[in-house]
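J.: For reference, the file work.tsv (TSV, C-alpha atoms) is included below:
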chain	number	residue	atom	x	y	z
A	121	MET	CA	-10.94	17.86	-50.28
A	122	ALA	CA	-12.70	16.27	-47.39
A	123	SER	CA	-10.21	13.42	-47.56
A	124	LEU	CA	-7.46	15.80	-46.41
A	125	THR	CA	-9.04	16.47	-43.04
A	126	PRO	CA	-7.87	14.22	-40.24
A	127	THR	CA	-11.42	13.17	-39.32
A	128	ALA	CA	-11.89	11.59	-42.72
A	129	LYS	CA	-8.89	9.30	-42.21
A	130	ALA	CA	-9.43	5.72	-41.14
A	131	ALA	CA	-9.57	5.25	-37.37
A	132	PRO	CA	-6.17	4.25	-35.93
A	133	LYS	CA	-5.79	0.51	-35.77
A	134	LYS	CA	-6.58	-0.93	-32.39
A	135	PRO	CA	-3.52	-2.66	-30.91
A	136	VAL	CA	-4.04	-6.38	-31.06
A	137	GLY	CA	-2.03	-9.27	-29.75
A	138	THR	CA	-0.50	-7.42	-26.82
A	139	LEU	CA	-0.39	-9.54	-23.69
A	140	TYR	CA	-1.83	-7.08	-21.19
A	141	ARG	CA	-3.11	-3.88	-22.80
A	142	GLY	CA	-6.76	-3.17	-22.15
A	143	ARG	CA	-7.35	-6.54	-20.60
A	144	GLU	CA	-7.43	-8.07	-17.13
A	145	GLY	CA	-3.67	-7.60	-16.65
A	146	MET	CA	-3.85	-3.86	-17.30
A	147	TRP	CA	-6.91	-3.27	-15.15
A	148	SER	CA	-5.46	-5.21	-12.21
A	149	TRP	CA	-2.36	-2.99	-12.49
A	150	VAL	CA	-4.51	0.19	-12.63
A	151	PHE	CA	-6.64	-0.86	-9.64
A	152	HIS	CA	-3.53	-1.89	-7.68
A	153	ARG	CA	-2.02	1.59	-8.15
A	154	ILE	CA	-5.20	3.49	-7.30
A	155	THR	CA	-6.01	1.40	-4.21
A	156	GLY	CA	-2.37	1.55	-3.10
A	157	VAL	CA	-2.23	5.35	-3.26
A	158	ALA	CA	-5.61	5.66	-1.48
A	159	ILE	CA	-4.45	3.37	1.34
A	160	PHE	CA	-1.15	5.29	1.59
A	161	PHE	CA	-2.93	8.59	2.21
A	162	PHE	CA	-5.38	7.01	4.64
A	163	LEU	CA	-2.47	5.53	6.61
A	164	PHE	CA	-0.97	9.01	6.97
A	165	VAL	CA	-4.24	10.43	8.34
A	166	HIS	CA	-4.84	7.35	10.50
A	167	VAL	CA	-1.44	7.63	12.24
A	168	LEU	CA	-2.15	11.31	12.96
A	169	ASP	CA	-5.68	10.67	14.32
A	170	THR	CA	-4.41	7.78	16.45
A	171	ALA	CA	-1.61	10.00	17.78
A	172	THR	CA	-4.25	12.04	19.64
A	173	VAL	CA	-4.44	9.22	22.22
A	174	ARG	CA	-1.31	10.86	23.68
A	175	ILE	CA	-3.08	14.19	24.13
A	176	SER	CA	-6.07	13.12	26.23
A	177	PRO	CA	-8.93	10.58	26.24
A	178	GLU	CA	-11.32	13.44	25.38
A	179	ALA	CA	-9.25	14.57	22.38
A	180	TYR	CA	-9.03	11.03	20.99
A	181	ASN	CA	-12.72	10.29	21.54
A	182	ALA	CA	-13.67	13.51	19.77
A	183	VAL	CA	-11.45	12.68	16.77
A	184	ILE	CA	-12.42	9.02	16.50
A	185	GLY	CA	-16.07	10.03	16.92
A	186	GLN	CA	-15.78	11.62	13.48
A	187	TYR	CA	-15.40	8.12	12.03
A	188	LYS	CA	-18.75	7.03	13.47
A	189	ASN	CA	-21.22	8.69	11.14
A	190	PRO	CA	-22.90	7.30	8.01
A	191	VAL	CA	-20.78	9.32	5.57
A	192	MET	CA	-17.51	8.11	7.11
A	193	GLY	CA	-19.05	4.64	7.42
A	194	LEU	CA	-19.38	4.50	3.65
A	195	GLY	CA	-15.82	5.77	3.34
A	196	GLU	CA	-14.64	2.97	5.64
A	197	ALA	CA	-16.50	0.46	3.46
A	198	GLY	CA	-14.64	1.84	0.43
A	199	LEU	CA	-11.34	1.75	2.29
A	200	VAL	CA	-11.81	-1.89	3.32
A	201	GLY	CA	-12.79	-2.69	-0.27
A	202	ALA	CA	-9.53	-1.09	-1.46
A	203	VAL	CA	-7.48	-2.93	1.18
A	204	VAL	CA	-9.04	-6.30	0.32
A	205	PHE	CA	-8.49	-5.79	-3.42
A	206	HIS	CA	-4.88	-4.66	-2.92
A	207	ALA	CA	-4.20	-7.67	-0.65
A	208	LEU	CA	-5.77	-10.26	-2.96
A	209	ASN	CA	-4.22	-8.78	-6.12
A	210	GLY	CA	-0.90	-8.69	-4.24
A	211	ILE	CA	-1.16	-12.47	-3.84
A	212	ARG	CA	-1.91	-12.67	-7.59
A	213	ILE	CA	1.25	-10.65	-8.32
A	214	ILE	CA	3.30	-12.97	-6.09
A	215	LEU	CA	1.86	-16.00	-7.91
A	216	VAL	CA	2.64	-14.45	-11.31
A	217	ASP	CA	6.22	-13.79	-10.14
A	218	PHE	CA	7.00	-17.03	-8.32
A	219	TRP	CA	4.61	-19.72	-9.60
A	220	SER	CA	5.86	-21.29	-12.83
A	221	LYS	CA	2.30	-21.28	-14.25
A	222	GLY	CA	1.42	-17.84	-12.84
A	223	THR	CA	1.85	-15.86	-16.07
A	224	GLN	CA	-0.11	-18.45	-18.02
A	225	HIS	CA	-3.05	-18.17	-15.59
A	226	GLN	CA	-2.81	-14.43	-14.79
A	227	ARG	CA	-6.20	-13.72	-16.40
A	228	LYS	CA	-8.00	-16.44	-14.43
A	229	LEU	CA	-6.19	-15.28	-11.29
A	230	PHE	CA	-7.63	-11.79	-11.83
A	231	TRP	CA	-11.18	-13.16	-11.94
A	232	GLY	CA	-10.32	-15.25	-8.88
A	233	VAL	CA	-9.35	-12.01	-7.12
A	234	ILE	CA	-12.69	-10.43	-8.10
A	235	ALA	CA	-14.63	-13.53	-6.94
A	236	LEU	CA	-12.82	-13.77	-3.59
A	237	TRP	CA	-13.17	-10.00	-3.11
A	238	THR	CA	-16.95	-10.34	-3.53
A	239	VAL	CA	-17.10	-13.32	-1.16
A	240	LEU	CA	-15.24	-11.33	1.53
A	241	MET	CA	-16.92	-7.96	0.95
A	242	VAL	CA	-20.57	-9.05	1.01
A	243	PRO	CA	-20.53	-10.34	4.62
A	244	PHE	CA	-18.28	-7.46	5.67
A	245	LEU	CA	-20.63	-4.85	4.17
A	246	VAL	CA	-23.68	-6.50	5.78
A	247	ARG	CA	-21.91	-6.45	9.15
A	248	HIS	CA	-20.32	-3.00	8.89
A	249	LEU	CA	-23.22	-1.12	7.30
A	250	SER	CA	-25.71	-2.59	9.79
A	251	ILE	CA	-23.46	-1.26	12.58
A	252	VAL	CA	-23.08	2.15	10.89
A	253	PHE	CA	-26.76	2.63	10.03
A	254	GLY	CA	-28.23	0.60	12.89
A	255	HIS	CA	-27.43	3.11	15.66
B	94	MET	CA	42.32	7.75	-43.90
B	95	SER	CA	39.72	5.60	-45.59
B	96	THR	CA	40.73	2.38	-43.86
B	97	PRO	CA	37.71	0.40	-42.65
B	98	THR	CA	39.53	-0.64	-39.44
B	99	GLU	CA	38.62	2.57	-37.64
B	100	THR	CA	35.95	0.79	-35.57
B	101	PRO	CA	36.52	1.91	-31.99
B	102	GLY	CA	37.40	-0.71	-29.41
B	103	PRO	CA	35.14	-1.50	-26.46
B	104	GLY	CA	37.05	0.97	-24.29
B	105	SER	CA	35.85	3.98	-26.26
B	106	TYR	CA	32.15	3.35	-25.57
B	107	ALA	CA	30.33	4.70	-22.56
B	108	PRO	CA	30.35	2.09	-19.75
B	109	ALA	CA	26.60	1.44	-20.07
B	110	LEU	CA	26.88	0.38	-23.72
B	111	GLU	CA	28.51	-2.82	-24.83
B	112	THR	CA	29.73	-4.11	-28.17
B	113	PRO	CA	27.20	-6.41	-29.84
B	114	HIS	CA	29.20	-9.59	-29.20
B	115	SER	CA	30.58	-8.85	-25.73
B	116	PRO	CA	29.80	-11.70	-23.30
B	117	TYR	CA	26.89	-11.25	-20.93
B	118	ARG	CA	28.00	-10.26	-17.46
B	119	ARG	CA	25.52	-10.71	-14.65
B	120	SER	CA	27.09	-8.19	-12.27
B	121	LYS	CA	28.12	-4.85	-13.66
B	122	ALA	CA	30.10	-2.37	-11.62
B	123	THR	CA	27.53	0.36	-12.25
B	124	ARG	CA	24.64	-1.61	-10.69
B	125	SER	CA	23.69	-2.62	-7.19
B	126	ASN	CA	21.02	-5.03	-6.03
B	127	TRP	CA	19.06	-2.25	-4.29
B	128	GLU	CA	16.02	-2.47	-6.59
B	129	LEU	CA	16.00	-6.27	-6.29
B	130	TYR	CA	15.81	-5.98	-2.51
B	131	GLY	CA	13.02	-3.44	-2.87
B	132	TRP	CA	11.10	-5.80	-5.15
B	133	LEU	CA	11.58	-8.66	-2.68
B	134	PHE	CA	10.59	-6.44	0.26
B	135	MET	CA	7.28	-5.54	-1.40
B	136	ARG	CA	6.35	-9.23	-1.67
B	137	MET	CA	7.54	-10.27	1.81
B	138	SER	CA	6.03	-7.28	3.61
B	139	GLY	CA	2.87	-7.75	1.54
B	140	VAL	CA	2.35	-11.27	2.86
B	141	LEU	CA	2.96	-10.17	6.47
B	142	LEU	CA	0.67	-7.15	6.04
B	143	LEU	CA	-2.09	-9.41	4.77
B	144	VAL	CA	-2.15	-11.11	8.20
B	145	LEU	CA	-1.50	-7.93	10.23
B	146	VAL	CA	-4.04	-5.69	8.47
B	147	PHE	CA	-6.80	-8.30	8.21
B	148	GLY	CA	-6.31	-9.10	11.92
B	149	HIS	CA	-6.43	-5.35	12.70
B	150	LEU	CA	-9.65	-4.91	10.70
B	151	TRP	CA	-11.24	-7.99	12.26
B	152	VAL	CA	-10.53	-6.99	15.87
B	153	ASN	CA	-11.35	-3.28	15.48
B	154	MET	CA	-14.14	-3.18	12.91
B	155	VAL	CA	-15.90	-6.55	12.68
B	156	SER	CA	-15.79	-8.36	16.04
B	157	GLY	CA	-17.39	-6.97	19.19
B	158	ASP	CA	-19.33	-3.78	18.55
B	159	GLY	CA	-17.57	-2.87	15.29
B	160	ILE	CA	-16.48	0.73	14.68
B	161	ASN	CA	-18.64	2.00	17.56
B	162	GLN	CA	-16.51	0.18	20.17
B	163	VAL	CA	-13.39	2.16	19.24
B	164	ASP	CA	-12.65	4.84	21.83
B	165	TRP	CA	-9.77	5.76	24.12
B	166	GLY	CA	-10.54	2.91	26.52
B	167	PHE	CA	-10.55	0.39	23.65
B	168	VAL	CA	-7.07	1.56	22.57
B	169	ALA	CA	-5.86	1.50	26.21
B	170	GLY	CA	-7.08	-2.08	26.54
B	171	LYS	CA	-5.13	-3.14	23.47
B	172	TRP	CA	-1.92	-1.21	24.19
B	173	SER	CA	-1.70	-2.37	27.78
B	174	SER	CA	-0.61	-5.65	26.18
B	175	PRO	CA	2.86	-6.05	24.59
B	176	PHE	CA	1.23	-8.35	22.03
B	177	TRP	CA	-0.87	-5.59	20.46
B	178	GLN	CA	1.93	-3.02	20.88
B	179	THR	CA	4.24	-5.28	18.87
B	180	TRP	CA	1.49	-6.05	16.34
B	181	ASP	CA	0.72	-2.38	15.74
B	182	VAL	CA	4.32	-1.17	15.55
B	183	LEU	CA	5.23	-3.98	13.15
B	184	MET	CA	2.17	-3.14	11.05
B	185	LEU	CA	3.05	0.59	11.12
B	186	TRP	CA	6.62	0.07	9.90
B	187	LEU	CA	5.83	-2.54	7.25
B	188	ALA	CA	2.81	-0.62	5.90
B	189	GLN	CA	4.60	2.74	5.81
B	190	LEU	CA	7.74	1.34	4.12
B	191	HIS	CA	5.63	-0.70	1.68
B	192	GLY	CA	3.57	2.40	0.87
B	193	THR	CA	6.63	4.65	0.57
B	194	ASN	CA	8.27	2.28	-1.88
B	195	GLY	CA	5.03	2.06	-3.86
B	196	VAL	CA	4.62	5.84	-4.07
B	197	ARG	CA	8.34	6.16	-4.92
B	198	THR	CA	7.72	3.87	-7.91
B	199	ILE	CA	4.75	5.98	-9.00
B	200	ILE	CA	6.77	9.22	-8.70
B	201	ASN	CA	9.55	7.68	-10.81
B	202	ASP	CA	6.95	6.62	-13.40
B	203	TYR	CA	5.08	9.88	-13.83
B	204	ALA	CA	7.31	12.81	-12.76
B	205	GLU	CA	9.46	13.50	-15.80
B	206	ARG	CA	11.63	16.42	-14.69
B	207	ASP	CA	14.64	15.50	-12.55
B	208	ALA	CA	13.98	18.28	-10.05
B	209	THR	CA	10.29	17.40	-9.72
B	210	ARG	CA	11.13	13.75	-9.06
B	211	PHE	CA	13.78	14.72	-6.53
B	212	TRP	CA	11.58	17.07	-4.51
B	213	LEU	CA	8.51	14.83	-4.59
B	214	LYS	CA	10.64	12.00	-3.20
B	215	MET	CA	12.18	14.25	-0.55
B	216	ALA	CA	8.65	15.21	0.58
B	217	LEU	CA	7.70	11.53	0.57
B	218	TYR	CA	10.70	10.54	2.70
B	219	ALA	CA	10.07	13.41	5.12
B	220	ALA	CA	6.44	12.33	5.56
B	221	THR	CA	7.59	8.73	6.04
B	222	ALA	CA	10.05	9.75	8.76
B	223	VAL	CA	7.35	11.75	10.58
B	224	VAL	CA	4.85	8.86	10.45
B	225	LEU	CA	7.37	6.25	11.61
B	226	VAL	CA	8.82	8.32	14.47
B	227	LEU	CA	5.48	9.73	15.64
B	228	GLY	CA	3.67	6.40	15.35
B	229	SER	CA	6.36	4.46	17.22
B	230	LEU	CA	6.57	7.08	19.97
B	231	VAL	CA	2.79	7.05	20.41
B	232	VAL	CA	2.64	3.27	20.82
B	233	PHE	CA	5.63	3.02	23.18
B	234	THR	CA	5.03	6.11	25.34
B	235	PHE	CA	1.27	5.56	25.65
B	236	ASP	CA	0.03	5.29	29.26
B	237	PRO	CA	-3.09	3.09	29.39
B	238	CYS	CA	-3.76	4.35	32.93
B	239	ALA	CA	-3.82	8.05	31.96
B	240	ASP	CA	-7.59	7.95	32.40
B	241	PRO	CA	-8.14	8.12	36.20
B	242	SER	CA	-11.43	6.23	35.89
B	243	SER	CA	-9.76	3.32	34.08
B	244	THR	CA	-11.07	-0.13	34.98
B	245	LEU	CA	-8.14	-1.96	33.33
B	246	GLU	CA	-6.63	-4.65	35.53
B	247	ALA	CA	-3.12	-3.32	34.87
B	248	CYS	CA	-4.16	0.10	36.26
B	249	ARG	CA	-5.89	-1.26	39.37
B	250	THR	CA	-2.90	-3.37	40.44
B	251	ARG	CA	-0.54	-0.41	39.97
B	252	SER	CA	-2.23	1.91	42.46
Could I get this file's structure written as structure tokens?

T.:
Amino acid sequence: MASLTPTAKAAPKKPVGTLYRGREGMWSWVFHRITGVAIFFFLFVHVLDTATVRISPEAYNAVIGQYKNPVMGLGEAGLVGAVVFHALNGIRIILVDFWSKGTQHQRKLFWGVIALWTVLMVPFLVRHLSIVFGH
Amino acid sequence: MSTPTETPGPGSYAPALETPHSPYRRSKATRSNWELYGWLFMRMSGVLLLVLVFGHLWVNMVSGDGINQVDWGFVAGKWSSPFWQTWDVLMLWLAQLHGTNGVRTIINDYAERDATRFWLKMALYAATAVVLVLGSLVVFTFDPCADPSSTLEACRTRS
């Protein structure tokens, strides 16, 4: 009788042999979407906060002052991390689309994106976080 | 009535469907190249944004005093120059259109009901219009000498 319950059935077969699913290609696509949407919403807020320069110097300084605390500083670090990933993975997408060997090397290109992201983010974080927490 | 020659001719199918052996036609009357141009725009604007956004981050957040240098006077210093006005307006338009097209793709992917898709996209386009008009107006109508205590060279020579 136990064999009739769904839990007793064999686990569904894991898809194998697909080009992208669950691998570097899928995760680069997922990260590209998430970072893209995050940047989109930040851009909306950033245009509005910058628009306060037309109200008065005091209004703008009060608004932009909100960006200069440790909590926002960490948010800015995350935002720059998202921008750098989206930019580098964008180059990877262009190479996959236009370079004849791009598809063949898409997996290595993803790890290249991660490596270059780390190389750019470490000095940026040292610089930015020392400014944010140094004052 | 039982003749096997009742197979309908190509004309009786809906325009989107073709008979199995009909020759491949590259341009169909029901299609435009709109999505191709969108695809190309994402790549071209992406390359330009790489330069514009990284330059923006470098000048505002890394060089000088970093985030702490950004105040009204810092913005006035940049926007008293047509170079940075052009830079920022170009960046605004490319980034907003790139982002709008990206979010449009995501709405088309995940919103299944026709009405939901339609209204989400209308909200997206309305927000895009607000950002583009407001942002452009702010850059082009900004007066770097609005602060009476300004020490900018452009403001001293004016008075």

J.: Measuring between all atoms listed in the file, which one of B:Thr244, B:Thr193, B:Ser156, B:Ser229 shows the shortest distance to Ile159 in chain A?

T.: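 So, comparing all the options, the nearest one is B:Thr193.
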
J.: Using all atoms listed in the file and a cut-off of 9 Å, which residues of chain B sit close to chain A? Please list them as a short mmCIF file (atom, residue, chain, number, x, y, z; two decimals) with C-alpha atoms, in the frame of the given file.

T.:
data_model
loop_
_atom_site.label_atom_id
_atom_site.label_comp_id
_atom_site.auth_asym_id
_atom_site.auth_seq_id
_atom_site.Cartn_x
_atom_site.Cartn_y
_atom_site.Cartn_z
CA ARG B 136 6.35 -9.23 -1.67
CA GLY B 139 2.87 -7.75 1.54
CA VAL B 140 2.35 -11.27 2.86
CA LEU B 142 0.67 -7.15 6.04
CA LEU B 143 -2.09 -9.41 4.77
CA VAL B 146 -4.04 -5.69 8.47
CA PHE B 147 -6.80 -8.30 8.21
CA LEU B 150 -9.65 -4.91 10.70
CA MET B 154 -14.14 -3.18 12.91
CA VAL B 155 -15.90 -6.55 12.68
CA ASP B 158 -19.33 -3.78 18.55
CA GLY B 159 -17.57 -2.87 15.29
CA ILE B 160 -16.48 0.73 14.68
CA ASN B 161 -18.64 2.00 17.56
CA VAL B 163 -13.39 2.16 19.24
CA ASP B 164 -12.65 4.84 21.83
CA TRP B 165 -9.77 5.76 24.12
CA GLY B 166 -10.54 2.91 26.52
CA VAL B 168 -7.07 1.56 22.57
CA ALA B 169 -5.86 1.50 26.21
CA LEU B 185 3.05 0.59 11.12
CA ALA B 188 2.81 -0.62 5.90
CA GLN B 189 4.60 2.74 5.81
CA GLY B 192 3.57 2.40 0.87
CA THR B 193 6.63 4.65 0.57
CA GLY B 195 5.03 2.06 -3.86
CA VAL B 196 4.62 5.84 -4.07
CA ILE B 199 4.75 5.98 -9.00
CA ALA B 220 6.44 12.33 5.56
CA THR B 221 7.59 8.73 6.04
CA VAL B 224 4.85 8.86 10.45
CA LEU B 225 7.37 6.25 11.61
CA LEU B 227 5.48 9.73 15.64
CA GLY B 228 3.67 6.40 15.35
CA LEU B 230 6.57 7.08 19.97
CA VAL B 231 2.79 7.05 20.41
CA VAL B 232 2.64 3.27 20.82
CA THR B 234 5.03 6.11 25.34
CA PHE B 235 1.27 5.56 25.65
CA ASP B 236 0.03 5.29 29.26
CA ALA B 239 -3.82 8.05 31.96
CA ASP B 240 -7.59 7.95 32.40
#

J.: Which neighbours of range 131-133 of chain B fall inside 9 Å, counting all atoms listed in the file, when residues of the same chain fewer than 5 positions from it are skipped, and could you give them as a list in words?

T.: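 The filter keeps Asn126, Ser138 and Asn194 of chain B.
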
J.: Report, in Å to a single decimal, how far apart CA of Ala204 in chain B and CA of Trp186 in chain B are.

T.: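 Going from CA of Trp186 in chain B over to CA of Ala204 in chain B covers 26.0 Å.
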
J.: Rounded to one decimal place, report the CA of Asn153 in chain B-CA of Pro175 in chain B distance in Å.

T.: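 These atoms are spaced 17.1 Å apart.
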
J.: Any idea what the distance is between CA of Ser173 in chain B and CA of Leu187 in chain B?

T.: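 According to the coordinates, CA of Ser173 in chain B and CA of Leu187 in chain B are separated by 21.9 Å.
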